[in-house]
$ cat structure_31.csv   # CSV, C-alpha atoms
chain,number,residue,atom,x,y,z
A,232,SER,CA,3.0,18.7,18.2
A,233,GLU,CA,4.7,15.7,16.7
A,234,ILE,CA,3.8,16.7,13.1
A,235,LEU,CA,5.0,20.2,13.7
A,236,SER,CA,8.3,19.0,15.2
A,237,ILE,CA,9.0,16.8,12.1
A,238,LEU,CA,8.1,19.6,9.7
A,239,THR,CA,10.2,22.1,11.6
A,240,THR,CA,13.3,20.0,11.9
A,241,GLU,CA,13.2,17.9,8.7
A,242,VAL,CA,11.3,20.0,6.1
A,243,ALA,CA,11.7,23.7,6.8
A,244,PRO,CA,15.6,23.7,6.8
A,245,GLN,CA,15.6,22.3,3.3
A,246,THR,CA,13.4,25.1,1.9
A,247,THR,CA,15.1,28.2,3.3
A,248,GLU,CA,16.6,29.3,0.0
A,249,TYR,CA,13.1,29.2,-1.7
A,250,ARG,CA,10.2,31.5,-1.5
A,251,LEU,CA,7.5,28.9,-1.8
A,252,GLU,CA,4.3,29.9,-3.5
A,253,LYS,CA,2.5,26.6,-3.1
A,254,VAL,CA,2.8,23.6,-0.8
A,255,LEU,CA,1.1,20.3,-1.8
A,256,PHE,CA,0.8,17.6,0.8
A,257,TYR,CA,-0.5,14.0,0.2
A,258,GLY,CA,-0.7,11.8,3.2
A,259,ALA,CA,-2.2,8.6,4.5
A,260,GLY,CA,-5.2,9.3,6.8
A,261,VAL,CA,-5.5,12.9,5.6
A,262,THR,CA,-9.3,13.2,5.6
A,263,PRO,CA,-11.0,16.6,5.0
A,264,GLU,CA,-11.0,17.1,8.8
A,265,LYS,CA,-7.4,16.1,9.3
A,266,GLY,CA,-6.4,18.0,6.2
A,267,VAL,CA,-7.4,21.2,8.0
A,268,ILE,CA,-4.9,20.5,10.8
A,269,VAL,CA,-2.1,19.6,8.3
A,270,SER,CA,-2.8,22.8,6.3
A,271,GLN,CA,-2.7,24.9,9.4
A,272,LEU,CA,0.7,23.5,10.5
A,273,LEU,CA,2.2,23.9,7.0
A,274,GLY,CA,0.7,27.3,6.7
A,275,SER,CA,2.4,28.4,10.0
A,276,LEU,CA,5.8,27.3,8.5
A,277,PHE,CA,5.2,28.7,5.0
A,278,PRO,CA,3.0,31.8,5.5
A,279,SER,CA,3.5,33.1,2.0
A,280,ALA,CA,2.4,29.8,0.3
A,281,GLN,CA,-0.9,28.4,-0.7
A,282,VAL,CA,-1.3,25.1,1.1
A,283,VAL,CA,-3.3,22.1,-0.1
A,284,ALA,CA,-3.4,18.9,2.1
A,285,THR,CA,-5.2,15.9,0.9
A,286,SER,CA,-5.1,12.1,1.0
A,287,ASP,CA,-2.5,9.6,-0.3
A,288,MET,CA,-5.2,8.2,-2.5
A,289,ASP,CA,-5.6,11.6,-4.2
A,290,GLY,CA,-1.8,11.5,-4.8
A,291,ALA,CA,-2.0,8.0,-6.2
A,292,ILE,CA,-4.7,9.1,-8.6
A,293,LYS,CA,-2.8,12.1,-9.9
A,294,GLY,CA,0.4,10.1,-10.0
A,295,THR,CA,-1.1,7.3,-12.2
A,296,VAL,CA,-4.2,8.2,-14.2
A,297,GLY,CA,-4.0,12.0,-13.7
A,298,ASP,CA,-7.3,13.5,-14.9
A,299,GLY,CA,-8.1,10.2,-16.7
A,300,ASP,CA,-10.2,7.1,-15.9
A,301,GLY,CA,-9.2,4.0,-14.1
A,302,ILE,CA,-9.2,1.9,-11.0
A,303,VAL,CA,-6.4,3.0,-8.7
A,304,ALA,CA,-5.1,1.0,-5.8
A,305,ILE,CA,-2.5,1.5,-3.1
A,306,LEU,CA,-0.8,-1.8,-2.3
A,307,GLY,CA,1.8,-1.3,0.4
A,308,THR,CA,1.7,-1.9,4.1
A,309,GLY,CA,-2.1,-1.7,3.7
A,310,SER,CA,-4.4,-1.7,0.7
A,311,ASN,CA,-7.0,0.7,-0.6
A,312,SER,CA,-8.7,1.4,-3.9
A,313,VAL,CA,-11.1,3.7,-5.8
A,314,CYS,CA,-12.7,4.0,-9.2
A,315,CYS,CA,-12.3,7.3,-10.9
A,316,GLN,CA,-13.4,9.1,-14.0
A,317,GLY,CA,-11.7,12.3,-15.2
A,318,GLY,CA,-9.5,12.0,-12.1
A,319,VAL,CA,-12.5,12.3,-9.8
A,320,VAL,CA,-13.5,9.4,-7.5
A,321,THR,CA,-16.8,7.9,-8.6
A,322,ASP,CA,-16.9,4.8,-6.4
A,323,LYS,CA,-15.0,3.2,-3.5
A,324,VAL,CA,-15.1,-0.2,-1.9
A,325,ALA,CA,-14.2,-0.1,1.8
A,326,ALA,CA,-10.6,-1.3,2.5
A,327,LEU,CA,-11.5,-2.1,6.2
A,328,GLY,CA,-7.9,-2.2,7.5
A,329,TYR,CA,-5.7,-5.1,8.4
A,330,ILE,CA,-8.1,-6.9,10.8
A,331,LEU,CA,-11.1,-7.0,8.5
A,332,GLY,CA,-9.6,-6.5,5.1
A,333,ASP,CA,-6.4,-5.1,3.5
A,334,GLU,CA,-6.3,-7.9,0.9
A,335,GLY,CA,-3.3,-7.7,-1.4
A,336,SER,CA,-1.2,-5.7,1.1
A,337,GLY,CA,2.1,-6.3,2.9
A,338,ALA,CA,0.2,-6.8,6.1
A,339,TYR,CA,-2.1,-9.4,4.5
A,340,LEU,CA,0.9,-11.3,3.1
A,341,GLY,CA,2.7,-11.3,6.5
A,342,LYS,CA,-0.4,-12.3,8.4
A,343,ARG,CA,-1.0,-15.2,6.0
A,344,LEU,CA,2.7,-16.3,6.3
A,345,ILE,CA,2.6,-16.2,10.1
A,346,THR,CA,-0.7,-18.0,10.3
A,347,ASP,CA,0.6,-20.8,8.0
A,348,PHE,CA,3.8,-21.0,10.1
A,349,ILE,CA,2.0,-21.3,13.4
A,350,ARG,CA,-0.4,-23.9,12.0
A,351,HIS,CA,2.5,-25.7,10.2
A,352,ASN,CA,0.5,-25.3,7.0
A,353,MET,CA,3.5,-25.0,4.7
A,354,PRO,CA,6.1,-27.3,3.2
A,355,GLU,CA,8.8,-28.4,5.7
A,356,ASN,CA,11.6,-26.5,3.9
A,357,VAL,CA,9.5,-23.4,3.9
A,358,TYR,CA,8.7,-23.9,7.6
A,359,GLU,CA,12.4,-24.1,8.4
A,360,LEU,CA,13.3,-21.1,6.3
A,361,THR,CA,10.5,-19.0,7.9
A,362,ALA,CA,11.4,-20.1,11.4
A,363,LYS,CA,14.9,-18.6,10.9
A,364,GLU,CA,13.4,-15.4,9.6
A,365,LEU,CA,10.8,-15.0,12.4
A,366,GLY,CA,13.3,-15.9,15.1
A,367,CYS,CA,10.7,-16.6,17.7
A,368,GLY,CA,8.1,-19.1,18.8
A,369,ASN,CA,4.4,-19.3,18.3
A,370,ASP,CA,3.5,-17.7,21.7
A,371,GLU,CA,5.8,-14.8,21.2
A,372,LEU,CA,4.4,-14.2,17.7
A,373,ILE,CA,0.8,-14.2,18.9
A,374,ASP,CA,1.7,-11.9,21.9
A,375,THR,CA,3.4,-9.4,19.6
A,376,ILE,CA,0.5,-9.3,17.2
A,377,TYR,CA,-2.2,-9.0,19.8
A,378,THR,CA,-0.5,-6.8,22.5
A,379,LYS,CA,2.2,-4.7,20.8
A,380,PRO,CA,1.7,-1.4,18.8
A,381,PHE,CA,1.4,-1.5,15.0
A,382,PRO,CA,0.8,-5.2,14.4
A,383,ASN,CA,0.0,-4.3,10.8
A,384,ARG,CA,3.6,-3.0,10.3
A,385,PHE,CA,5.0,-6.1,12.1
A,386,CYS,CA,3.2,-8.4,9.7
A,387,ALA,CA,4.0,-6.3,6.6
A,388,GLN,CA,7.8,-6.4,7.2
A,389,TYR,CA,7.8,-10.0,6.1
A,390,ALA,CA,6.6,-9.1,2.6
A,391,LYS,CA,10.3,-8.5,1.9
A,392,PHE,CA,11.2,-12.0,3.1
A,393,ILE,CA,8.5,-13.4,0.8
A,394,ARG,CA,9.8,-11.5,-2.2
A,395,GLN,CA,13.4,-12.7,-1.5
A,396,ASN,CA,12.2,-16.3,-1.5
A,397,VAL,CA,9.5,-16.1,-4.2
A,398,ASP,CA,11.5,-18.5,-6.4
A,399,THR,CA,12.6,-20.7,-3.6
A,400,ASP,CA,9.4,-22.7,-3.3
A,401,PRO,CA,6.0,-22.5,-5.1
A,402,TYR,CA,4.4,-21.8,-1.7
A,403,PHE,CA,5.6,-18.2,-1.9
A,404,LYS,CA,4.2,-17.5,-5.4
A,405,GLU,CA,0.9,-19.2,-4.5
A,406,LEU,CA,0.7,-17.0,-1.3
A,407,VAL,CA,1.2,-13.8,-3.3
A,408,THR,CA,-1.1,-14.8,-6.1
A,409,ASP,CA,-3.8,-15.8,-3.6
A,410,ALA,CA,-3.5,-12.4,-1.9
A,411,PHE,CA,-4.0,-10.5,-5.2
A,412,THR,CA,-6.8,-12.9,-6.2
A,413,LYS,CA,-8.7,-12.1,-3.0
A,414,PHE,CA,-8.1,-8.4,-3.6
A,415,PHE,CA,-9.9,-8.7,-6.9
A,416,ASP,CA,-12.6,-11.1,-5.7
A,417,ARG,CA,-13.5,-9.1,-2.7
A,418,ILE,CA,-12.9,-5.6,-3.9
A,419,VAL,CA,-12.2,-4.9,-7.6
A,420,VAL,CA,-15.0,-6.9,-9.1
A,421,HIS,CA,-17.5,-4.9,-7.1
A,422,TYR,CA,-16.8,-1.8,-9.1
A,423,PRO,CA,-19.5,-1.4,-11.8
A,424,ASP,CA,-18.1,-2.2,-15.2
A,425,TYR,CA,-14.6,-2.8,-13.7
A,426,GLN,CA,-13.4,-4.5,-16.9
A,427,THR,CA,-13.7,-1.3,-18.8
A,428,TYR,CA,-11.1,0.4,-16.7
A,429,SER,CA,-7.3,0.0,-16.5
A,430,PHE,CA,-5.8,-1.2,-13.2
A,431,ASN,CA,-3.3,1.1,-11.7
A,432,ALA,CA,-1.4,0.8,-8.4
A,433,VAL,CA,1.3,2.4,-6.3
A,434,GLY,CA,3.1,0.9,-3.4
A,435,SER,CA,5.9,-1.5,-2.7
A,436,VAL,CA,3.8,-4.7,-2.9
A,437,ALA,CA,2.4,-3.8,-6.3
A,438,TYR,CA,5.8,-2.8,-7.6
A,439,TYR,CA,7.9,-5.6,-6.4
A,440,PHE,CA,5.4,-8.3,-7.1
A,441,LYS,CA,4.3,-6.8,-10.5
A,442,ASP,CA,5.1,-10.1,-12.3
A,443,LEU,CA,2.6,-11.9,-10.2
A,444,LEU,CA,0.1,-9.1,-10.2
A,445,GLU,CA,-0.2,-8.8,-14.0
A,446,PRO,CA,-1.5,-12.4,-14.6
A,447,VAL,CA,-4.2,-11.7,-12.0
A,448,VAL,CA,-5.2,-8.4,-13.6
A,449,LYS,CA,-5.5,-10.2,-17.0
A,450,LYS,CA,-7.4,-13.1,-15.5
A,451,TYR,CA,-10.1,-10.7,-14.4
A,452,GLY,CA,-10.3,-9.2,-17.9
A,453,MET,CA,-8.5,-5.9,-17.2
A,454,GLU,CA,-5.6,-4.1,-18.7
A,455,MET,CA,-2.5,-3.1,-16.7
A,456,GLY,CA,-2.0,0.6,-16.3
A,457,VAL,CA,0.7,2.4,-14.3
A,458,ILE,CA,2.4,0.3,-11.6
A,459,ALA,CA,4.8,2.4,-9.5
A,460,LYS,CA,6.6,2.0,-6.2
A,461,ALA,CA,5.6,5.6,-5.3
A,462,PRO,CA,3.5,8.2,-7.1
A,463,MET,CA,6.1,11.0,-6.9
A,464,GLU,CA,7.3,10.9,-10.5
A,465,GLY,CA,3.7,11.0,-11.8
A,466,LEU,CA,2.8,13.7,-9.3
A,467,ILE,CA,5.6,15.9,-10.5
A,468,GLU,CA,4.6,15.5,-14.1
A,469,TYR,CA,1.0,16.1,-13.3
A,470,HIS,CA,1.7,19.4,-11.4
A,471,LEU,CA,4.2,20.6,-14.0
A,472,GLU,CA,1.5,20.3,-16.6
A,473,ALA,CA,-1.3,21.8,-14.5

$ encode --input "structure_31.csv" --output "structure tokens"
Amino acid sequence: SEILSILTTEVAPQTTEYRLEKVLFYGAGVTPEKGVIVSQLLGSLFPSAQVVATSDMDGAIKGTVGDGDGIVAILGTGSNSVCCQGGVVTDKVAALGYILGDEGSGAYLGKRLITDFIRHNMPENVYELTAKELGCGNDELIDTIYTKPFPNRFCAQYAKFIRQNVDTDPYFKELVTDAFTKFFDRIVVHYPDYQTYSFNAVGSVAYYFKDLLEPVVKKYGMEMGVIAKAPMEGLIEYHLEA
């Protein structure tokens, strides 16, 4: 009902002047099972259109390597990755979410920052700067993360603070570099022949920390591919050529 309400109020009014022939939906969490639900909802709004609903990773693939080869990652609030050949997924290392995984993501960066702050495991100037940004004490931070909804988003919001201060103290660059290094150590290197592929990524963390991501990519013997904040530009190009 919530999805239908959003589609009805925010999407449908902007399409009234068009007779849509095809609707393509790429979204986080759109598994084959959930895709059926999304397709039905979109189909009820656009009965004359062919509807295709699939995952955000499928969108990331089409928006970066298209029908080509490469390792494709999403590095935003969370992280995810696949290896694909000819635009088809051939292998996937489990992302595991923000509790067990999500290395290289905004949630991971924020979680590391908050952990270091609570443990006072950072330079004093960084501690004072972070204290002003967080605006609350240790107990409140822990309570928010363990009892409030969407702790991953709560942690991820501090990726912006890290980016704004990346040149303030080496601590911030080391934090980001370590997050990307763990993403490669725990995920990327487990793709067979990973060094034969380009590394491609979409998402705000990949995009805004590209200068720190590139040395890590090269350190692991890979070539940088497409790095984009969002896959839309590549998706439009892909579908116009299809």

$ closest_atom_pairs --input "structure_31.csv" --of "region 235-315 of chain A" --to "region 417-441 of chain A" --cutoff "9 Å" --atoms "all atoms listed in the file" --output "CSV"
residue,atom,partner,partner_atom,distance
A:Ala291,CA,A:Val433,CA,6.5
A:Ile292,CA,A:Asn431,CA,8.7
A:Gly294,CA,A:Val433,CA,8.6
A:Thr295,CA,A:Asn431,CA,6.6
A:Val296,CA,A:Asn431,CA,7.6
A:Asp300,CA,A:Tyr428,CA,6.8
A:Gly301,CA,A:Tyr428,CA,4.8
A:Ile302,CA,A:Phe430,CA,5.1
A:Val303,CA,A:Asn431,CA,4.7
A:Ala304,CA,A:Ala432,CA,4.5
A:Ile305,CA,A:Val433,CA,5.0
A:Leu306,CA,A:Gly434,CA,4.9
A:Gly307,CA,A:Gly434,CA,4.6
A:Thr308,CA,A:Val436,CA,7.8
A:Ser310,CA,A:Gly434,CA,8.9
A:Ser312,CA,A:Val419,CA,8.1
A:Val313,CA,A:Tyr422,CA,8.6
A:Cys314,CA,A:Tyr422,CA,7.1

$ residues_around --input "structure_31.csv" --residues "Thr412 (chain A)" --least-positions-apart "4" --cutoff "12 Å" --atoms "only C-alpha atoms" --output "JSON, numbers by chain"
{"A": [334, 335, 336, 404, 405, 406, 407, 408, 416, 417, 418, 419, 420, 443, 444, 445, 446, 447, 448, 449, 450, 451]}

$ atom_distance --input "structure_31.csv" --atom1 "CA of Phe414 (chain A)" --atom2 "CA of Leu372 (chain A)"
25.4 Å

$ closest_residue --input "structure_31.csv" --among "A:Leu344, A:Pro382, A:Ala284, A:Phe277" --to "Tyr329 (chain A)" --atoms "all atoms listed in the file"
A:Pro382

$ residues_around --input "structure_31.csv" --residues "region 387-395 of chain A" --least-positions-apart "6" --cutoff "6 Å" --atoms "all atoms listed in the file" --output "NGL selection string"
:A and (308 or 337-338 or 341)

$ write_last_selection --input "structure_31.csv" --atoms "C-alpha atoms" --output "compact mmCIF listing (two decimals), keeping the file's coordinate frame"
# COMPACT_ATOMS: atom_id res chain seq x y z
CA THR A 308 1.70 -1.90 4.10
CA GLY A 337 2.10 -6.30 2.90
CA ALA A 338 0.20 -6.80 6.10
CA GLY A 341 2.70 -11.30 6.50

$ atom_distance --input "structure_31.csv" --atom1 "CA of His470 (chain A)" --atom2 "CA of Thr285 (chain A)"
14.5 Å

$ residues_around --input "structure_31.csv" --residues "Leu276 (chain A)" --least-positions-apart "4" --cutoff "12 Å" --atoms "only C-alpha atoms" --output "list of chain:residue names"
A:Ile234, A:Leu235, A:Ser236, A:Ile237, A:Leu238, A:Thr239, A:Thr240, A:Glu241, A:Val242, A:Ala243, A:Pro244, A:Thr246, A:Thr247, A:Arg250, A:Leu251, A:Val254, A:Val269, A:Ser270, A:Gln271, A:Leu272, A:Ala280, A:Gln281, A:Val282

$ atom_distance --input "structure_31.csv" --atom1 "CA of Glu454 (chain A)" --atom2 "CA of Gly297 (chain A)"
16.9 Å

$ closest_residue --input "structure_31.csv" --among "A:Asp287, A:Phe256, A:Glu364, A:Gly299" --to "Gly456 (chain A)" --atoms "all atoms listed in the file"
A:Gly299

$ closest_residue --input "structure_31.csv" --among "A:Phe348, A:Met463, A:Thr361, A:Gly328" --to "Phe381 (chain A)" --atoms "only C-alpha atoms"
A:Gly328

$ closest_residue --input "structure_31.csv" --among "A:Asp374, A:Lys379, A:Gly290, A:Val357" --to "Pro401 (chain A)" --atoms "all atoms listed in the file"
A:Val357
